[in-house]
$ cat coords-v5.txt   # compact mmCIF, C-alpha atoms
# COMPACT_ATOMS: atom_id res chain seq x y z
CA MET W 1 67.32 95.75 109.92
CA ILE W 2 64.43 93.34 109.49
CA THR W 3 64.58 91.56 106.13
CA LEU W 4 62.20 89.44 104.06
CA ASN W 5 64.07 86.33 105.19
CA ASP W 6 63.34 87.24 108.82
CA ILE W 7 59.63 87.55 107.97
CA LYS W 8 59.58 84.18 106.23
CA LYS W 9 61.05 82.50 109.32
CA ASP W 10 58.44 83.94 111.70
CA PRO W 11 56.03 81.18 112.86
CA ILE W 12 53.10 83.56 113.39
CA VAL W 13 53.37 84.95 109.86
CA ASP W 14 53.65 81.45 108.44
CA THR W 15 50.63 80.20 110.36
CA CYS W 16 48.51 83.18 109.32
CA ILE W 17 49.39 82.55 105.67
CA ARG W 18 48.69 78.82 105.77
CA LYS W 19 45.47 78.96 107.76
CA GLY W 20 44.17 82.05 105.98
CA ASN W 21 44.55 80.34 102.61
CA GLU W 22 42.88 77.23 104.01
CA TYR W 23 39.89 79.22 105.28
CA LEU W 24 39.50 81.00 101.92
CA GLY W 25 39.42 77.60 100.25
CA VAL W 26 36.53 76.56 102.47
CA MET W 27 34.65 79.68 101.33
CA GLY W 28 35.42 79.04 97.66
CA PHE W 29 37.89 81.87 97.07
CA THR W 30 40.88 81.62 94.76
CA GLU W 31 44.36 80.64 95.95
CA HIS W 32 46.07 83.06 98.35
CA GLY W 33 48.91 80.83 99.55
CA TYR W 34 52.68 80.71 99.15
CA ARG W 35 52.60 80.93 95.35
CA HIS W 36 50.59 84.15 95.48
CA ILE W 37 52.45 85.91 98.29
CA ASN W 38 55.92 85.02 97.00
CA LEU W 39 54.96 86.31 93.56
CA ILE W 40 53.52 89.55 94.95
CA SER W 41 56.55 90.03 97.18
CA GLN W 42 58.89 89.68 94.20
CA LEU W 43 56.77 91.86 91.90
CA SER W 44 56.43 94.63 94.49
CA ALA W 45 60.19 94.75 94.94
CA ASN W 46 60.85 94.56 91.19
CA ILE W 47 58.56 97.52 90.48
CA LEU W 48 60.46 99.81 92.84
CA GLU W 49 63.84 98.45 91.74
CA ARG W 50 63.13 99.17 88.07
CA LEU W 51 61.95 102.67 88.98
CA ASN W 52 65.20 103.30 90.92
CA TYR W 53 63.85 103.53 94.45
CA SER W 54 66.17 102.96 97.42
CA LYS W 55 67.27 99.48 98.47
CA ARG W 56 65.42 99.78 101.77
CA GLU W 57 62.17 100.80 100.08
CA ILE W 58 62.58 97.79 97.78
CA GLU W 59 63.05 95.51 100.81
CA LEU W 60 60.02 96.98 102.58
CA ALA W 61 57.97 96.41 99.42
CA ALA W 62 59.05 92.77 99.43
CA ILE W 63 58.03 92.48 103.10
CA ALA W 64 54.65 94.15 102.54
CA GLY W 65 54.01 91.91 99.53
CA TYR W 66 54.74 88.79 101.54
CA MET W 67 52.54 89.85 104.47
CA HIS W 68 49.70 91.59 102.62
CA ASP W 69 47.15 88.76 102.97
CA ILE W 70 47.77 87.62 106.55
CA GLY W 71 44.45 89.22 107.56
CA ASN W 72 42.62 86.42 105.75
CA VAL W 73 43.19 84.30 108.85
CA ILE W 74 40.63 86.55 110.59
CA SER W 75 38.20 87.20 107.73
CA ARG W 76 38.23 87.78 103.99
CA TYR W 77 36.26 90.96 104.51
CA ASP W 78 38.38 93.99 105.40
CA HIS W 79 41.39 91.66 105.46
CA GLY W 80 43.65 94.58 104.57
CA GLN W 81 42.70 96.34 107.80
CA SER W 82 42.99 93.27 110.02
CA GLY W 83 46.23 92.29 108.27
CA ALA W 84 47.74 95.71 108.94
CA THR W 85 46.87 95.38 112.63
CA LEU W 86 48.43 91.92 112.81
CA ALA W 87 51.52 93.15 110.99
CA PHE W 88 51.92 96.04 113.44
CA HIS W 89 52.18 93.66 116.40
CA ILE W 90 54.41 91.17 114.56
CA LEU W 91 56.85 93.77 113.25
CA SER W 92 56.94 95.64 116.56
CA LYS W 93 57.85 92.43 118.39
CA MET W 94 60.58 91.74 115.83
CA GLY W 95 62.10 95.18 116.46
CA MET W 96 61.42 96.97 113.20
CA PRO W 97 61.70 100.77 113.56
CA PRO W 98 58.32 102.56 113.90
CA GLU W 99 58.89 104.59 110.71
CA GLU W 100 59.31 101.41 108.68
CA ILE W 101 56.38 99.71 110.40
CA SER W 102 54.15 102.60 109.39
CA ILE W 103 55.16 102.16 105.74
CA VAL W 104 54.49 98.42 105.69
CA ILE W 105 51.17 98.47 107.54
CA SER W 106 49.83 101.37 105.47
CA ALA W 107 50.64 99.39 102.32
CA ILE W 108 48.88 96.29 103.66
CA GLY W 109 45.89 98.33 104.81
CA ASN W 110 45.52 100.05 101.44
CA HIS W 111 45.93 97.21 98.92
CA GLU W 112 42.21 96.49 98.34
CA GLU W 113 40.17 98.42 95.79
CA GLU W 114 37.20 98.94 98.11
CA TYR W 115 39.11 101.41 100.27
CA GLY W 116 42.74 101.44 99.16
CA HIS W 117 44.94 104.39 98.24
CA PRO W 118 48.59 104.54 97.10
CA VAL W 119 49.70 106.51 100.16
CA ASN W 120 53.41 105.79 99.67
CA SER W 121 55.70 104.09 97.17
CA VAL W 122 55.48 100.70 98.88
CA ALA W 123 51.68 100.83 98.89
CA ALA W 124 51.63 101.79 95.21
CA ALA W 125 53.93 98.93 94.25
CA LEU W 126 51.89 96.43 96.29
CA ILE W 127 48.64 97.52 94.62
CA LEU W 128 50.08 97.03 91.14
CA ALA W 129 51.65 93.69 92.00
CA ASP W 130 48.60 92.24 93.73
CA LYS W 131 46.09 93.23 91.05
CA SER W 132 48.27 91.75 88.29
CA ASP W 133 48.01 88.20 89.65
CA VAL W 134 45.08 86.94 87.60
CA HIS W 135 45.54 83.40 86.26
CA ARG W 136 43.77 80.06 85.90
CA SER W 137 46.23 78.42 88.30
CA ARG W 138 44.53 80.33 91.15
CA VAL W 139 41.12 78.70 90.58
CA ARG W 140 40.50 75.92 93.10
CA ASN W 141 37.05 74.91 91.87
CA GLN W 142 37.52 72.12 89.33
CA ASP W 143 33.85 71.90 88.29
CA PHE W 144 33.54 74.26 85.34
CA ALA W 145 29.74 73.99 85.42
CA THR W 146 29.67 75.67 88.84
CA PHE W 147 32.09 78.51 88.05
CA ASP W 148 31.00 81.98 89.14
CA ILE W 149 32.22 85.07 87.31
CA HIS W 150 35.41 85.28 89.40
CA ASP W 151 36.29 81.66 88.58
CA ARG W 152 35.56 82.21 84.89
CA VAL W 153 37.64 85.37 84.64
CA ASN W 154 40.63 83.89 86.43
CA TYR W 155 40.41 80.58 84.58
CA ALA W 156 40.20 82.35 81.23
CA VAL W 157 43.54 84.11 81.79
CA GLU W 158 46.21 81.94 80.19
CA HIS W 159 49.07 84.40 80.67
CA SER W 160 49.60 87.46 82.83
CA TYR W 161 52.68 89.64 83.02
CA LEU W 162 53.48 92.98 84.60
CA LYS W 163 56.09 94.83 82.55
CA VAL W 164 57.88 97.82 84.07
CA ALA W 165 59.81 100.03 81.67
CA GLY W 166 62.06 102.07 83.93
CA GLU W 167 63.27 104.64 81.44
CA SER W 168 59.83 105.51 80.02
CA ARG W 169 58.14 104.83 83.39
CA VAL W 170 55.36 102.81 81.79
CA ILE W 171 53.86 99.92 83.79
CA THR W 172 51.95 97.54 81.53
CA MET W 173 49.70 94.69 82.58
CA GLU W 174 49.68 92.16 79.74
CA LEU W 175 46.95 89.50 79.71
CA THR W 176 46.08 86.67 77.36
CA ILE W 177 42.43 85.70 77.79
CA ASP W 178 40.54 82.78 76.25
CA ILE W 179 37.43 84.67 75.12
CA GLU W 180 35.55 81.40 74.62
CA ILE W 181 35.63 80.98 78.39
CA CYS W 182 35.17 84.62 79.37
CA PRO W 183 34.52 87.65 77.15
CA VAL W 184 36.75 90.66 77.82
CA MET W 185 33.70 92.59 79.07
CA GLU W 186 33.35 90.19 82.01
CA TYR W 187 36.93 90.96 83.00
CA PHE W 188 36.05 94.64 83.21
CA GLU W 189 32.79 93.87 85.00
CA ILE W 190 34.62 92.70 88.10
CA PHE W 191 38.05 94.29 87.68
CA LEU W 192 37.34 97.84 86.51
CA SER W 193 37.73 99.26 90.03
CA ARG W 194 41.04 97.40 90.33
CA MET W 195 42.34 98.91 87.10
CA VAL W 196 41.36 102.39 88.30
CA LEU W 197 43.32 101.79 91.51
CA CYS W 198 46.29 100.53 89.47
CA ARG W 199 46.25 103.72 87.43
CA ARG W 200 46.30 105.80 90.63
CA ALA W 201 49.16 103.69 91.96
CA ALA W 202 51.19 104.19 88.78
CA ASP W 203 50.49 107.93 88.92
CA PHE W 204 51.86 108.02 92.46
CA LEU W 205 55.07 106.43 91.16
CA ASN W 206 55.26 109.11 88.44
CA SER W 207 54.51 106.42 85.88
CA HIS W 208 51.83 105.56 83.33
CA PHE W 209 49.61 102.48 83.68
CA ALA W 210 48.71 100.53 80.55
CA LEU W 211 46.53 97.45 80.03
CA GLU W 212 46.91 95.09 77.09
CA ILE W 213 44.55 92.16 76.55
CA ASN W 214 45.23 89.70 73.71
CA GLY W 215 47.65 92.20 72.20
CA ALA W 216 45.16 95.08 72.13
CA LYS W 217 45.95 98.18 74.17
CA LEU W 218 42.85 99.06 76.20
CA LEU W 219 44.29 101.60 78.66
$ encode --input "coords-v5.txt" --output "structure tokens"
Amino acid sequence: MITLNDIKKDPIVDTCIRKGNEYLGVMGFTEHGYRHINLISQLSANILERLNYSKREIELAAIAGYMHDIGNVISRYDHGQSGATLAFHILSKMGMPPEEISIVISAIGNHEEEYGHPVNSVAAALILADKSDVHRSRVRNQDFATFDIHDRVNYAVEHSYLKVAGESRVITMELTIDIEICPVMEYFEIFLSRMVLCRRAADFLNSHFALEINGAKLL
């Protein structure tokens, strides 16, 4: 069976990750490199593990999380779709069974809020993991005077944590935001559609999605 370690050793995957993150930097987007993908891979797996899914589903979630942004090497726009296509060819060449390929590529192709849906457990876990990674460490622009709303929102987040309570099946996104940098309303201005998708993903996993900002429960 193909494992996450096999994926990490693949030169095509590695090149897509490195160059995709480099190209996003040229365009002014936040960090989408090894820090991000390793975190999302771990979070995706942890979500399914805490909710008692099978070991293989947990491994496929880790793989999907690691590969979910490889489409950025082609373009930021519709990168979920292009990433799913790339992943299909890579995983087929590596010998992953078609049934498992379909799970991974559907998760990659459905992780963005513009068109995504939690079509299976791996896709649902990936959505929740990816949308929880909001933090100032992702902001590459060091000139505060030129920050756009995405830079401000990410930079204002001092702490982010995704808590999964297996017994109660509550998935909570906990954020600490410096409201002097970004009011909470600005967070919702750009992330409301993401939170709606997170709620649908949690529902698919027979769980409840909650959002806490600065200790206040908002969802």
$ residues_around --input "coords-v5.txt" --residues "Ala45 in chain W" --least-positions-apart "6" --cutoff "10 Å" --atoms "all atoms listed in the file" --output "PyMOL selection string"
chain W and resi 53+55-65+122+125-126+129
$ write_last_selection --input "coords-v5.txt" --atoms "C-alpha atoms" --output "PDB file, in the frame of the given file"
ATOM      1  CA  TYR W  53      63.850 103.530  94.450  1.00  0.00           C
ATOM      2  CA  LYS W  55      67.270  99.480  98.470  1.00  0.00           C
ATOM      3  CA  ARG W  56      65.420  99.780 101.770  1.00  0.00           C
ATOM      4  CA  GLU W  57      62.170 100.800 100.080  1.00  0.00           C
ATOM      5  CA  ILE W  58      62.580  97.790  97.780  1.00  0.00           C
ATOM      6  CA  GLU W  59      63.050  95.510 100.810  1.00  0.00           C
ATOM      7  CA  LEU W  60      60.020  96.980 102.580  1.00  0.00           C
ATOM      8  CA  ALA W  61      57.970  96.410  99.420  1.00  0.00           C
ATOM      9  CA  ALA W  62      59.050  92.770  99.430  1.00  0.00           C
ATOM     10  CA  ILE W  63      58.030  92.480 103.100  1.00  0.00           C
ATOM     11  CA  ALA W  64      54.650  94.150 102.540  1.00  0.00           C
ATOM     12  CA  GLY W  65      54.010  91.910  99.530  1.00  0.00           C
ATOM     13  CA  VAL W 122      55.480 100.700  98.880  1.00  0.00           C
ATOM     14  CA  ALA W 125      53.930  98.930  94.250  1.00  0.00           C
ATOM     15  CA  LEU W 126      51.890  96.430  96.290  1.00  0.00           C
ATOM     16  CA  ALA W 129      51.650  93.690  92.000  1.00  0.00           C
TER      17      ALA W 129
END
$ residues_around --input "coords-v5.txt" --residues "Met27 in chain W" --least-positions-apart "4" --cutoff "12 Å" --atoms "only C-alpha atoms" --output "PyMOL selection string"
chain W and resi 20-23+31+72+75-77+140-141
$ closest_residue --input "coords-v5.txt" --among "W:Ile40, W:Ala165, W:Met195, W:Val73" --to "Lys19 in chain W" --atoms "all atoms listed in the file"
W:Val73
$ atom_distance --input "coords-v5.txt" --atom1 "CA of Ser137 in chain W" --atom2 "CA of Gly71 in chain W"
22.2 Å
$ residues_near_point --input "coords-v5.txt" --point "(60.2, 99.2, 88.2)" --cutoff "12 Å" --atoms "all atoms listed in the file" --output "JSON list (two decimals) with C-alpha atoms, in the coordinates of the input"
[["chain", "number", "residue", "atom", "x", "y", "z"],
["W", 42, "GLN", "CA", 58.89, 89.68, 94.20],
["W", 43, "LEU", "CA", 56.77, 91.86, 91.90],
["W", 44, "SER", "CA", 56.43, 94.63, 94.49],
["W", 45, "ALA", "CA", 60.19, 94.75, 94.94],
["W", 46, "ASN", "CA", 60.85, 94.56, 91.19],
["W", 47, "ILE", "CA", 58.56, 97.52, 90.48],
["W", 48, "LEU", "CA", 60.46, 99.81, 92.84],
["W", 49, "GLU", "CA", 63.84, 98.45, 91.74],
["W", 50, "ARG", "CA", 63.13, 99.17, 88.07],
["W", 51, "LEU", "CA", 61.95, 102.67, 88.98],
["W", 52, "ASN", "CA", 65.20, 103.30, 90.92],
["W", 53, "TYR", "CA", 63.85, 103.53, 94.45],
["W", 54, "SER", "CA", 66.17, 102.96, 97.42],
["W", 58, "ILE", "CA", 62.58, 97.79, 97.78],
["W", 61, "ALA", "CA", 57.97, 96.41, 99.42],
["W", 121, "SER", "CA", 55.70, 104.09, 97.17],
["W", 122, "VAL", "CA", 55.48, 100.70, 98.88],
["W", 124, "ALA", "CA", 51.63, 101.79, 95.21],
["W", 125, "ALA", "CA", 53.93, 98.93, 94.25],
["W", 126, "LEU", "CA", 51.89, 96.43, 96.29],
["W", 128, "LEU", "CA", 50.08, 97.03, 91.14],
["W", 129, "ALA", "CA", 51.65, 93.69, 92.00],
["W", 162, "LEU", "CA", 53.48, 92.98, 84.60],
["W", 163, "LYS", "CA", 56.09, 94.83, 82.55],
["W", 164, "VAL", "CA", 57.88, 97.82, 84.07],
["W", 165, "ALA", "CA", 59.81, 100.03, 81.67],
["W", 166, "GLY", "CA", 62.06, 102.07, 83.93],
["W", 167, "GLU", "CA", 63.27, 104.64, 81.44],
["W", 168, "SER", "CA", 59.83, 105.51, 80.02],
["W", 169, "ARG", "CA", 58.14, 104.83, 83.39],
["W", 170, "VAL", "CA", 55.36, 102.81, 81.79],
["W", 171, "ILE", "CA", 53.86, 99.92, 83.79],
["W", 172, "THR", "CA", 51.95, 97.54, 81.53],
["W", 202, "ALA", "CA", 51.19, 104.19, 88.78],
["W", 205, "LEU", "CA", 55.07, 106.43, 91.16],
["W", 206, "ASN", "CA", 55.26, 109.11, 88.44],
["W", 207, "SER", "CA", 54.51, 106.42, 85.88],
["W", 208, "HIS", "CA", 51.83, 105.56, 83.33],
["W", 209, "PHE", "CA", 49.61, 102.48, 83.68]]
$ axis_aligned_box --input "coords-v5.txt" --around "range 86-96 of chain W" --padding-each-side "6 Å" --output "lines of an AutoDock Vina configuration file"
center_x = 55.3
center_y = 94.1
center_z = 114.7
size_x = 25.7
size_y = 17.8
size_z = 19.4
$ atom_distance --input "coords-v5.txt" --atom1 "CA of Asn214 in chain W" --atom2 "CA of Glu112 in chain W"
25.7 Å
